Every structure is written in structure tokens, then in C-alpha cells.
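One structure is given below, encoded as C-alpha cells.
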Amino acid sequence: MARTPIVAGNWKMHLGRTPAHELLTALRDSLAGIEGIDMAVCPPAPWIADAADVLRGTRIGVGAQNVYWEPHGAFTGEVSAAMLAGTVDYVIVGHSERRHVFGETDEQSGRKLRTVLDLGMQPMLAVGELREEREDGRTNDVLRRQLLAAFADIERLPEGFIVAYEPVWAIGTGLTATPEIAQLTCADIRGILAERFDAATAESCRIQYGGSANAENAASLVGQPDVDGLLVGGAALQAESFTKICQAAAAVAS
């Protein structure tokens, strides 16, 4: 089954409004004409509306970095999925920084996932292991736990559902999983998806790699049979580097 790779930039808590607008404008121009892949940017929450305005009419989707599952209420500082619906195309769910810095549980990630799916947006479900978990040979156990908890009470996944495999030890560290490690782990994730749902669902799912992805390693990562794109951190904060990553992914996909 042919899967369309997706390259998304997670800006995290970076860029004020003016530099964010400048980056959006630059990407609108530099990514024009790139075909064969899906592309998205996930700016900080205050700049989501700006991103939607600047990128309207382009092939660049807009994503949110986080979401809350209740539609409204006394939840100071939270942004609900209902508020994002109609403005964003994608929502990152369960990013390791939400899990390990802010204490988000597997169950909470599952609630967010269900809400995003119910409202018709595309989640990017992030999973990944700590360095000590990989060194102890527990990577598969960790990924299985995170995935199965997220899929509790979910009967089916939409075609093209996105899982973002992000080894925690490679996020923002400069360390990158080798293409071989990325391939083996993404293949394991696809196997877990097949067990939980079915082979056809697993084959249709897109599995991104995230963790110090850059223009130099993009092609070798996306060139792996079970790696269907990239979730990019620091390299997404510069138009030139993010454009080169998208170009490399598109060249592999063509």
C-alpha cells in the first residue's frame, strides 16, 4: 500500500509573533511546488491563527502541539480540541515532553487522542522510549504500553493515521537513531498496530521518525520502508533547513 510521507515541524515554545510570521511567510514561498509528501507546521498556540491565515490555500497544514479533551470549562491555560477544530489540521498527542516534563499519563494521552479523532482532526500520536529503557531492551514493551493505552476504546483508525516514533534520548540531543534502528523500531510499531487492529490498518498507518532529524539525515531515514516521514524539532525553526528536509523527503517519495 502506498503511503504518503508527512513531514511536520514542531516549533515547541520558540519564536515571538514577528519571527513566527516571518518564518510562516518564508515557508509559504519556499515549500511551494513540493509534491509527493504532506507538510505541516505546529507553532506555539498563540500563533496558530496566524499560521492558518498565512498558509491558507497552500499545501502546508497547520497543527497544534497539545490539546485538552474537555470541550470547555474552568481549565485555566488549556486549549480544547473543540476550539481547535476548523482551524488546525493536525494535533500532536502524547509528545514525550508532555509525558516526561508535564507528567501526562498514558490514559490522558488516550483521552486526547479520542477527542481529536471524534472532531475530525488528524492526530500525530507520539511514542518513544527513554535511553535506559532502550539499553535495558524494553523499547518494544514501552511502545506497546503507550500504543495500547492510547487505543483503549478505539474500534478503528482512519486511513493514514499518524504515529510519531520519537526516541526520547534523541530529542534535542543531537543524537539520531541510525536508519536501521529507526526502521526496526517503526516496523515493530506497525506490528503492534496489526495485532491491535488488523494488517490492512497497520499498512495504511504512517509512522514518522522524530529525534534530531535534519537535512543531512532526512533522505536516509525516509528511505526506510516503514518510515513514512519526519517530525522535526530544531531544524523546523529555519525556513532553509526545513525546506531542505521536505525536499529530501519528496525526492525519496517520488
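Each chain in the C-alpha cells gets a letter, A, B and so on, in the order shown; residues start at 1 in every chain, and ligands are counted from 1 in the order they appear.
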
Show me, as a tab-separated table, the residues of region 77-162 of chain A having an atom within 10 Å of region 65-70 of chain A, each with the closest atom pair and its distance in Å, using only C-alpha atoms.
```
residue	atom	partner	partner_atom	distance
A:Gly77	CA	A:Tyr68	CA	9.9
A:Glu78	CA	A:Tyr68	CA	6.2
A:Val79	CA	A:Val67	CA	5.7
A:Ser80	CA	A:Tyr68	CA	4.6
A:Ala81	CA	A:Val67	CA	5.7
A:Ala82	CA	A:Glu70	CA	8.2
A:Met83	CA	A:Val67	CA	9.3
A:Leu84	CA	A:Val67	CA	8.3
A:Tyr90	CA	A:Gln65	CA	8.7
A:Val91	CA	A:Gln65	CA	6.0
A:Ile92	CA	A:Gln65	CA	4.9
A:Val93	CA	A:Asn66	CA	6.1
A:Gly94	CA	A:Asn66	CA	8.0
A:His95	CA	A:Gln65	CA	8.2
A:Arg98	CA	A:Asn66	CA	8.2
A:Gln108	CA	A:Trp69	CA	8.6
A:Ser109	CA	A:Trp69	CA	9.3
A:Gly110	CA	A:Trp69	CA	9.6
A:Arg111	CA	A:Trp69	CA	6.2
A:Lys112	CA	A:Trp69	CA	5.1
A:Leu113	CA	A:Trp69	CA	8.3
A:Arg114	CA	A:Trp69	CA	8.2
A:Thr115	CA	A:Trp69	CA	5.7
A:Val116	CA	A:Trp69	CA	8.0
A:Pro123	CA	A:Asn66	CA	10.0
A:Met124	CA	A:Gln65	CA	9.4
```

Using DSSP secondary structure from the backbone, list all strand (DSSP E) positions within region 13-232 of chain A, as a PyMOL selection string. chain A and resi 38-42+60-64+90-93+122-127+162-165+206-210+229-232

Neighbour list for Ala52 (chain A) as a compact mmCIF listing (two decimals) with N, CA, C and O atoms, in the first residue's frame, cut-off 7 Å, only C-alpha atoms, skip fewer than 4 positions in-chain:
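For reference, part.txt as written:
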```txt
# COMPACT_ATOMS: atom_id res chain seq x y z
N ILE A 48 -1.24 29.99 16.21
CA ILE A 48 -1.95 29.05 15.35
C ILE A 48 -2.85 29.78 14.35
O ILE A 48 -2.88 29.44 13.16
N ARG A 56 -3.23 29.63 4.38
CA ARG A 56 -4.49 29.28 3.72
C ARG A 56 -4.29 29.20 2.20
O ARG A 56 -3.67 30.06 1.59
N VAL A 62 -1.61 22.99 9.19
CA VAL A 62 -1.30 23.62 10.48
C VAL A 62 -1.66 22.63 11.59
O VAL A 62 -2.72 21.99 11.56
N THR A 87 -9.72 25.03 12.58
CA THR A 87 -8.56 25.90 12.39
C THR A 87 -7.30 25.09 12.09
O THR A 87 -6.50 25.46 11.24
```

One decimal place gives the CA of Met39 (chain A)-CA of Ala219 (chain A) separation as 15.3 Å

Fewer than 4 positions away in the same chain doesn't count, so skip those; otherwise give me all residues within 6 Å of Asp89 (chain A), counting only C-alpha atoms, as a PyMOL selection string. chain A and resi 61-63+121

All residues 8 Å or closer to region 9-11 of chain A, only C-alpha atoms, same chain fewer than 6 positions away omitted, as a ChimeraX atom specification: /A:40-44,65,231-237,242

Preceding selection exported with N, CA and C atoms as an mmCIF file, in the first residue's frame:
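Just written: again.cif:
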```
data_model
loop_
_atom_site.group_PDB
_atom_site.id
_atom_site.type_symbol
_atom_site.label_atom_id
_atom_site.label_comp_id
_atom_site.auth_asym_id
_atom_site.auth_seq_id
_atom_site.Cartn_x
_atom_site.Cartn_y
_atom_site.Cartn_z
ATOM 1 N N ALA A 40 3.443 20.031 7.245
ATOM 2 C CA ALA A 40 2.700 20.751 8.279
ATOM 3 C C ALA A 40 3.658 21.480 9.199
ATOM 4 N N VAL A 41 3.155 22.542 9.814
ATOM 5 C CA VAL A 41 3.889 23.245 10.862
ATOM 6 C C VAL A 41 3.015 23.285 12.104
ATOM 7 N N CYS A 42 3.672 23.152 13.258
ATOM 8 C CA CYS A 42 2.966 23.163 14.535
ATOM 9 C C CYS A 42 3.550 24.282 15.396
ATOM 10 N N PRO A 43 3.040 25.499 15.251
ATOM 11 C CA PRO A 43 3.573 26.631 16.002
ATOM 12 C C PRO A 43 3.032 26.647 17.436
ATOM 13 N N PRO A 44 3.598 27.512 18.294
ATOM 14 C CA PRO A 44 3.011 27.690 19.623
ATOM 15 C C PRO A 44 1.554 28.130 19.508
ATOM 16 N N GLN A 65 0.300 21.710 19.111
ATOM 17 C CA GLN A 65 1.271 20.888 19.836
ATOM 18 C C GLN A 65 0.658 20.109 20.987
ATOM 19 N N LEU A 231 9.021 14.034 12.101
ATOM 20 C CA LEU A 231 8.547 15.090 12.987
ATOM 21 C C LEU A 231 9.798 15.841 13.423
ATOM 22 N N VAL A 232 9.927 17.059 12.935
ATOM 23 C CA VAL A 232 11.184 17.812 13.027
ATOM 24 C C VAL A 232 11.095 18.847 14.139
ATOM 25 N N GLY A 233 12.137 18.940 14.954
ATOM 26 C CA GLY A 233 12.179 19.923 16.024
ATOM 27 C C GLY A 233 12.978 21.150 15.645
ATOM 28 N N GLY A 234 14.214 21.240 16.118
ATOM 29 C CA GLY A 234 15.028 22.438 15.930
ATOM 30 C C GLY A 234 15.220 22.855 14.487
ATOM 31 N N ALA A 235 15.355 21.876 13.591
ATOM 32 C CA ALA A 235 15.578 22.206 12.180
ATOM 33 C C ALA A 235 14.339 22.783 11.516
ATOM 34 N N ALA A 236 13.201 22.765 12.207
ATOM 35 C CA ALA A 236 11.975 23.351 11.655
ATOM 36 C C ALA A 236 11.872 24.838 11.929
ATOM 37 N N LEU A 237 12.833 25.393 12.681
ATOM 38 C CA LEU A 237 12.769 26.800 13.061
ATOM 39 C C LEU A 237 13.448 27.718 12.058
ATOM 40 N N PHE A 242 14.260 23.500 7.059
ATOM 41 C CA PHE A 242 13.013 22.733 6.952
ATOM 42 C C PHE A 242 12.667 22.470 5.490
#
```

Across A:Glu107, A:Leu15, A:Thr4, A:Val101, the smallest distance to Asp153 (chain A), with only C-alpha atoms counted, is shown by A:Glu107

May I ask for the distance between CA of Leu119 (chain A) and CA of Ala85 (chain A), given in Å to one decimal place? 6.6 Å

Using only C-alpha atoms, can you tell me which of A:Thr18, A:Asn217, A:Asp29, A:Gly137 comes closest to Pro46 (chain A)?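 Under the stated criterion, the closest residue is A:Thr18.
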
Would you kindly return, as a PyMOL selection string, each protein, DNA or RNA residue with an atom no farther than 12 Å from any atom of Gln146 (chain A), considering only C-alpha atoms and excluding same-chain residues fewer than 4 positions away? chain A and resi 93-96+99+104-110+113+125-129+139-142+150-152+163-165+189+192-193

Could you save the residues just selected, with N, CA and C atoms, as a PDB file, in the first residue's frame?
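In the end it all went to part.pdb:
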```pdb
ATOM      1  N   VAL A  93      -0.244  14.505  19.870  1.00  0.00           N
ATOM      2  CA  VAL A  93      -0.787  13.924  21.102  1.00  0.00           C
ATOM      3  C   VAL A  93       0.294  13.068  21.757  1.00  0.00           C
ATOM      4  N   GLY A  94       0.522  13.285  23.033  1.00  0.00           N
ATOM      5  CA  GLY A  94       1.427  12.424  23.787  1.00  0.00           C
ATOM      6  C   GLY A  94       2.898  12.650  23.527  1.00  0.00           C
ATOM      7  N   HIS A  95       3.282  13.861  23.140  1.00  0.00           N
ATOM      8  CA  HIS A  95       4.711  14.132  22.922  1.00  0.00           C
ATOM      9  C   HIS A  95       5.484  13.831  24.203  1.00  0.00           C
ATOM     10  N   SER A  96       6.704  13.375  24.051  1.00  0.00           N
ATOM     11  CA  SER A  96       7.487  12.961  25.220  1.00  0.00           C
ATOM     12  C   SER A  96       7.660  14.088  26.235  1.00  0.00           C
ATOM     13  N   ARG A  99       4.710  14.065  28.314  1.00  0.00           N
ATOM     14  CA  ARG A  99       4.722  12.909  29.211  1.00  0.00           C
ATOM     15  C   ARG A  99       5.752  13.074  30.334  1.00  0.00           C
ATOM     16  N   GLU A 104       2.110  13.930  31.809  1.00  0.00           N
ATOM     17  CA  GLU A 104       0.931  13.382  31.133  1.00  0.00           C
ATOM     18  C   GLU A 104       0.986  11.861  31.155  1.00  0.00           C
ATOM     19  N   THR A 105      -0.106  11.254  31.548  1.00  0.00           N
ATOM     20  CA  THR A 105      -0.153   9.797  31.643  1.00  0.00           C
ATOM     21  C   THR A 105      -0.597   9.179  30.321  1.00  0.00           C
ATOM     22  N   ASP A 106      -0.393   7.882  30.203  1.00  0.00           N
ATOM     23  CA  ASP A 106      -0.859   7.170  29.019  1.00  0.00           C
ATOM     24  C   ASP A 106      -2.376   7.316  28.873  1.00  0.00           C
ATOM     25  N   GLU A 107      -3.074   7.272  29.987  1.00  0.00           N
ATOM     26  CA  GLU A 107      -4.538   7.385  29.948  1.00  0.00           C
ATOM     27  C   GLU A 107      -4.962   8.765  29.461  1.00  0.00           C
ATOM     28  N   GLN A 108      -4.273   9.801  29.901  1.00  0.00           N
ATOM     29  CA  GLN A 108      -4.595  11.151  29.444  1.00  0.00           C
ATOM     30  C   GLN A 108      -4.310  11.316  27.954  1.00  0.00           C
ATOM     31  N   SER A 109      -3.210  10.744  27.482  1.00  0.00           N
ATOM     32  CA  SER A 109      -2.921  10.781  26.050  1.00  0.00           C
ATOM     33  C   SER A 109      -4.043  10.105  25.269  1.00  0.00           C
ATOM     34  N   GLY A 110      -4.565   9.015  25.810  1.00  0.00           N
ATOM     35  CA  GLY A 110      -5.671   8.324  25.155  1.00  0.00           C
ATOM     36  C   GLY A 110      -6.932   9.169  25.089  1.00  0.00           C
ATOM     37  N   LEU A 113      -6.421  11.687  22.387  1.00  0.00           N
ATOM     38  CA  LEU A 113      -6.496  11.062  21.068  1.00  0.00           C
ATOM     39  C   LEU A 113      -7.939  10.844  20.645  1.00  0.00           C
ATOM     40  N   LEU A 125       0.211  10.759  16.984  1.00  0.00           N
ATOM     41  CA  LEU A 125       0.382  10.117  18.281  1.00  0.00           C
ATOM     42  C   LEU A 125       1.859   9.813  18.511  1.00  0.00           C
ATOM     43  N   ALA A 126       2.470  10.516  19.448  1.00  0.00           N
ATOM     44  CA  ALA A 126       3.907  10.373  19.699  1.00  0.00           C
ATOM     45  C   ALA A 126       4.155   9.301  20.757  1.00  0.00           C
ATOM     46  N   VAL A 127       5.084   8.413  20.442  1.00  0.00           N
ATOM     47  CA  VAL A 127       5.505   7.365  21.376  1.00  0.00           C
ATOM     48  C   VAL A 127       7.021   7.268  21.309  1.00  0.00           C
ATOM     49  N   GLY A 128       7.614   6.761  22.374  1.00  0.00           N
ATOM     50  CA  GLY A 128       9.065   6.615  22.358  1.00  0.00           C
ATOM     51  C   GLY A 128       9.614   6.259  23.720  1.00  0.00           C
ATOM     52  N   GLU A 129      10.827   5.712  23.711  1.00  0.00           N
ATOM     53  CA  GLU A 129      11.438   5.176  24.917  1.00  0.00           C
ATOM     54  C   GLU A 129      12.559   6.066  25.426  1.00  0.00           C
ATOM     55  N   THR A 139      12.375  -1.413  24.843  1.00  0.00           N
ATOM     56  CA  THR A 139      11.754  -0.498  23.892  1.00  0.00           C
ATOM     57  C   THR A 139      10.392  -0.995  23.424  1.00  0.00           C
ATOM     58  N   ASN A 140      10.323  -2.239  23.001  1.00  0.00           N
ATOM     59  CA  ASN A 140       9.059  -2.764  22.485  1.00  0.00           C
ATOM     60  C   ASN A 140       7.978  -2.757  23.552  1.00  0.00           C
ATOM     61  N   ASP A 141       8.342  -3.087  24.784  1.00  0.00           N
ATOM     62  CA  ASP A 141       7.361  -3.087  25.873  1.00  0.00           C
ATOM     63  C   ASP A 141       6.810  -1.689  26.117  1.00  0.00           C
ATOM     64  N   VAL A 142       7.688  -0.688  26.086  1.00  0.00           N
ATOM     65  CA  VAL A 142       7.262   0.691  26.311  1.00  0.00           C
ATOM     66  C   VAL A 142       6.331   1.151  25.199  1.00  0.00           C
ATOM     67  N   ALA A 150      -3.306   4.261  24.472  1.00  0.00           N
ATOM     68  CA  ALA A 150      -3.898   5.312  23.643  1.00  0.00           C
ATOM     69  C   ALA A 150      -5.098   4.795  22.862  1.00  0.00           C
ATOM     70  N   PHE A 151      -5.069   3.520  22.485  1.00  0.00           N
ATOM     71  CA  PHE A 151      -6.127   2.964  21.648  1.00  0.00           C
ATOM     72  C   PHE A 151      -7.267   2.330  22.443  1.00  0.00           C
ATOM     73  N   ALA A 152      -7.241   2.445  23.748  1.00  0.00           N
ATOM     74  CA  ALA A 152      -8.331   1.904  24.555  1.00  0.00           C
ATOM     75  C   ALA A 152      -9.648   2.535  24.111  1.00  0.00           C
ATOM     76  N   VAL A 163       1.460   7.862  13.508  1.00  0.00           N
ATOM     77  CA  VAL A 163       2.207   7.618  14.739  1.00  0.00           C
ATOM     78  C   VAL A 163       3.576   8.256  14.571  1.00  0.00           C
ATOM     79  N   ALA A 164       4.008   9.015  15.557  1.00  0.00           N
ATOM     80  CA  ALA A 164       5.336   9.630  15.526  1.00  0.00           C
ATOM     81  C   ALA A 164       6.231   8.887  16.514  1.00  0.00           C
ATOM     82  N   TYR A 165       7.195   8.135  15.984  1.00  0.00           N
ATOM     83  CA  TYR A 165       8.156   7.460  16.859  1.00  0.00           C
ATOM     84  C   TYR A 165       9.290   8.422  17.177  1.00  0.00           C
ATOM     85  N   ILE A 189       6.461  -1.057  15.598  1.00  0.00           N
ATOM     86  CA  ILE A 189       5.232  -0.302  15.837  1.00  0.00           C
ATOM     87  C   ILE A 189       4.141  -0.764  14.881  1.00  0.00           C
ATOM     88  N   ILE A 192       2.678  -3.942  16.114  1.00  0.00           N
ATOM     89  CA  ILE A 192       1.749  -3.750  17.236  1.00  0.00           C
ATOM     90  C   ILE A 192       0.404  -3.253  16.724  1.00  0.00           C
ATOM     91  N   LEU A 193       0.426  -2.349  15.748  1.00  0.00           N
ATOM     92  CA  LEU A 193      -0.820  -1.859  15.152  1.00  0.00           C
ATOM     93  C   LEU A 193      -1.594  -2.991  14.488  1.00  0.00           C
TER      94      LEU A 193
END
```

List the spatial neighbours of Thr201 (chain A) as a ChimeraX atom specification - criterion: any atom at most 8 Å away, only C-alpha atoms, same-chain residues fewer than 6 positions off excluded. /A:157,159,193-194

Have a look at CA of Asp53 (chain A) and CA of Gly16 (chain A) and let me know their distance in Å, one decimal.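 A separation of 16.6 Å between them.
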
Would you mind telling me which residue in A:Gln122, A:Thr185, A:Thr176, A:Ser241 lies nearest to Ala213 (chain A) when using only C-alpha atoms?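 Of the candidates, the smallest distance to Ala213 (chain A) is held by A:Thr176.
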
Could you check which of A:Leu24, A:Leu148, A:Ala218, A:Ala199 is closest to Thr178 (chain A), using only C-alpha atoms?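 Among the listed residues, the smallest separation from Thr178 (chain A) belongs to A:Ala218.
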